[in-house]
Amino acid sequence: MNRRLVACVLAVCVLVTASSAPLAGSVAATVPLLPGEDSATTAPFGQVSRTGGHIVSTERVHERGITGDGVAVGVVGASFEPEGTSLDGQVAGHRRAPDERGTGEVSVGPQRRADGRHDTAVAAVVAETAPDAELYLAAVGDDPTPEEYERALDWLVANDVTVVVDAGSYFASNPETNERITAAAERATANGTTFVTSAGNYANSQWVGDGPADGWVNFSNETQGNRLAGGAVTGGEVSLRLSWNTSADYDLYLYRERANGPDPVVAKSVRRQNDSAEAWEAVDASVPRGRYYVAVDAYDANRTTTVDDANESANLSVDRRSNASANRSRNASATRLRLLSSRHSLEHAVSNESVVAPATGEGVVAVGAVDTDSGRIAPYSSRSDSLVDVWGPATVRTESGTLEGTSAAAPYVAGTAALVASTCTRERRPGELVELLRNSATDDRYTPDSFAVVEATRAVEAAERPGPDGRSFQCHDTE
């Protein structure tokens with residue numbers, strides 16, 4: 001029987017164990033603005049302005065007649081609402097999400113189960129970057145199963161798309177489910193499709209560190225609590241994911257902070273790991289407004305320690321105060337812990353290696369966001385020493401409004417890839433396109449902390465001339 005992860009309040013969450021479990025916690029990787037609201041520096045539709053410097057624009061490319069003609073681009077999202085928008089004449093196919101009866105059938109009528117504004121805006125960025133490209137919209141719903149995600153990609157591949165873009169991130173409780181999503185993206189790449197996705201907006205929402213052999217995890221010095229939203233009052237949905245790399249047993253707790261303690265547990269995940277159980281815990285809860293923090297306990301990290309499981313309230317150190325009762329003895333441990341909060345920032349965060357599925361896949365093009373004013377990596381943008389392939393503009397203005405975050409950067413890069421592909425007389429392998437985009441990226445500031453951004457004009461120009469070896473960037477067959 002497939003068991004779904006159920007949002008919980010004051011209770012242990014039901015665990016996702018089946019391989020076809022839905023991706024509870026799939027999140028659009030975006031920092032949205034209201035439709036029609038301008039960015040800090042305005043620019044014409046389809047452009048991104050960078051104060052005092054280069055304009056990242058497609059205008060020069062379009063004036064030359066390079067518009068993505070003959071290229072098909074697939075867009076994956078929860079749902080789309082293209083009717084009555086600028087996308088109307090550009091959508092060649094629209095695969096809707098399964099109906100609400102859960103039969104697996106793909107409905108043909110209008111669906112409004114999910115708010116389609118975000119994904120429609122993502123498609124609009126592609127459309128305005130490559131206005132003559134054909135768009136295939138593949139909706140997978142709010143909580144797609146891995147099978148549904150795979151079917152959507154199979155449909156896109158069957159329609160011979162050259163580029164696929166998914167501007168979402170996935171947070172299944174079970175890491176295996178995330179791996180299946182990533183594997184589906186890798187298969188699309190292996191079939192010759194350039195798969196572009198958001199690196200994610202989780203630089204401030206991840207913590208990585210060593211796990212103790214016993215006691216509460218220290219997030220910073222003697223701080224055993226990691227506040228959500230920096231300790232500000234918050235509420236609503238909370239999604240937490242904890243994973244590690246050994247057979248140790250750790251437990252995940254969400255506490256509500258009270259001025260006069262003890263702080264009550266409002267949600268927890270306390271699966272008992274053993275040699276066959278997977279090393280993860282997950283909490284999905286809906287909580288009233290208040291101040292909350294996360295705590296992680298080493299239940300049996302060295303297989304010799306047993307800790308009382310009656311942790312229904314605690315006075316943990318969330319202000320770097322040493323607490324003898326909470327800060328139990330610690331031994332050296334090889335365990336590496338990773339904590340992700342998909343809906344809230346963490347007070348103690350580690351930004352590096354904060355990329356999430358499917359951007360972790362081999363051959364998948366992970367796009368980070370660069371602030372359009374400073375030229376620096378956007379503070380929220382996920383980053384990695386090895387997994388972020390290219391950087392795109394953090395702000396894109398379209399006819400329907402302004403989109404921000406890696407959800408803006410990814411479709412701009414995908415649209416640019418479509419422009420490059422449309423100039424080529426021979427088929428380009430995904431790896432070649434990525435190399436071209438990376439090497440033609442523009443940094444007009446040349447400061448130690450500025451980053452090069454994919455730029456359509458430079459990318460097309462690079463595609464039209466030979467590289468240093470005479471072949472690397474050529475898009476045309478040579479005699």
# chains A, B, ... in the order shown; residues from 1 in each chain; ligands from 1
$ residues_around --residues "Ala418 (chain A)" --least-positions-apart "2" --cutoff "8 Å" --atoms "only C-alpha atoms" --output "list in words"
Gly68, Val71, Ala72, Val73, Ala130, Ala133, Thr162, Val163, Ala414, Gly415, Thr416, Val420, Ala421 and Ser422 of chain A
$ residues_around --residues "region 186-199 of chain A" --least-positions-apart "5" --cutoff "6 Å" --atoms "only C-alpha atoms" --output "ChimeraX atom specification"
/A:162-167,355,359,361,364-368,382,406,410,430
$ write_last_selection --atoms "N, CA and C atoms" --output "short mmCIF file (atom, residue, chain, number, x, y, z; two decimals), in the first residue's frame"
data_model
loop_
_atom_site.label_atom_id
_atom_site.label_comp_id
_atom_site.auth_asym_id
_atom_site.auth_seq_id
_atom_site.Cartn_x
_atom_site.Cartn_y
_atom_site.Cartn_z
N THR A 162 14.08 19.85 -28.00
CA THR A 162 15.54 20.01 -27.93
C THR A 162 15.98 20.40 -26.53
N VAL A 163 15.15 21.20 -25.87
CA VAL A 163 15.47 21.72 -24.53
C VAL A 163 14.28 21.47 -23.62
N VAL A 164 14.55 21.09 -22.38
CA VAL A 164 13.52 20.99 -21.34
C VAL A 164 13.95 21.90 -20.19
N VAL A 165 12.98 22.62 -19.63
CA VAL A 165 13.27 23.42 -18.44
C VAL A 165 12.26 23.09 -17.35
N ASP A 166 12.76 22.86 -16.15
CA ASP A 166 11.93 22.67 -14.96
C ASP A 166 12.46 23.64 -13.91
N ALA A 167 11.65 24.65 -13.57
CA ALA A 167 12.09 25.68 -12.62
C ALA A 167 11.67 25.35 -11.20
N VAL A 355 22.30 22.75 -3.53
CA VAL A 355 21.54 22.40 -4.74
C VAL A 355 20.67 21.18 -4.45
N ALA A 359 18.47 19.20 -9.95
CA ALA A 359 19.69 19.88 -10.38
C ALA A 359 20.96 19.12 -10.03
N GLY A 361 21.58 16.10 -10.87
CA GLY A 361 21.79 15.04 -11.83
C GLY A 361 22.98 15.27 -12.75
N VAL A 364 22.63 17.29 -16.16
CA VAL A 364 21.55 18.27 -16.01
C VAL A 364 22.18 19.66 -15.84
N VAL A 365 21.61 20.66 -16.50
CA VAL A 365 22.16 22.02 -16.43
C VAL A 365 21.53 22.75 -15.25
N ALA A 366 22.29 22.91 -14.17
CA ALA A 366 21.81 23.60 -12.98
C ALA A 366 22.15 25.08 -13.10
N VAL A 367 21.12 25.93 -12.94
CA VAL A 367 21.28 27.37 -13.15
C VAL A 367 21.13 28.11 -11.82
N GLY A 368 22.16 28.84 -11.45
CA GLY A 368 22.09 29.71 -10.29
C GLY A 368 21.70 31.11 -10.71
N SER A 382 20.98 28.84 -4.46
CA SER A 382 21.76 27.66 -4.09
C SER A 382 23.08 27.67 -4.85
N THR A 406 15.92 31.81 -9.06
CA THR A 406 16.42 30.87 -10.05
C THR A 406 15.32 30.43 -11.00
N ALA A 410 16.59 30.15 -14.84
CA ALA A 410 16.56 28.89 -15.59
C ALA A 410 15.85 29.02 -16.94
N PRO A 430 23.99 17.95 -25.65
CA PRO A 430 23.75 18.80 -24.47
C PRO A 430 25.03 19.35 -23.86
#
$ residues_around --residues "Val460 (chain A)" --least-positions-apart "6" --cutoff "10 Å" --atoms "only C-alpha atoms" --output "PyMOL selection string"
chain A and resi 61+66+416-417+419-424+436-437+440+475
$ write_last_selection --atoms "C-alpha atoms" --output "tab-separated table (two decimals), in the first residue's frame"
chain	number	residue	atom	x	y	z
A	61	VAL	CA	19.61	38.50	-31.58
A	66	ILE	CA	17.35	34.47	-34.68
A	416	THR	CA	19.03	31.13	-24.87
A	417	ALA	CA	19.88	27.48	-25.52
A	419	LEU	CA	18.30	30.46	-29.76
A	420	VAL	CA	21.71	28.82	-30.09
A	421	ALA	CA	20.18	25.55	-31.29
A	422	SER	CA	18.18	27.40	-33.95
A	423	THR	CA	21.39	28.77	-35.47
A	424	CYS	CA	22.99	25.34	-35.80
A	436	LEU	CA	29.13	27.19	-25.10
A	437	LEU	CA	26.79	28.93	-22.65
A	440	SER	CA	30.27	32.90	-23.58
A	475	CYS	CA	27.30	24.98	-35.20
$ atom_distance --atom1 "CA of Trp207 (chain A)" --atom2 "CA of Glu281 (chain A)"
14.6 Å
$ atom_distance --atom1 "CA of Gly236 (chain A)" --atom2 "CA of Gln206 (chain A)"
19.2 Å
$ residues_around --residues "Ala349 (chain A)" --least-positions-apart "4" --cutoff "8 Å" --atoms "only C-alpha atoms" --output "list in words"
Ala203, Asn204, Ser205, Gln206, Trp207, Val208 and Ser345 of chain A
$ closest_residue --among "A:Ser374, A:Ser341, A:Thr120, A:Thr145" --to "Val75 (chain A)" --atoms "only C-alpha atoms"
A:Thr120
$ atom_distance --atom1 "CA of Ala248 (chain A)" --atom2 "CA of Asp297 (chain A)"
11.1 Å
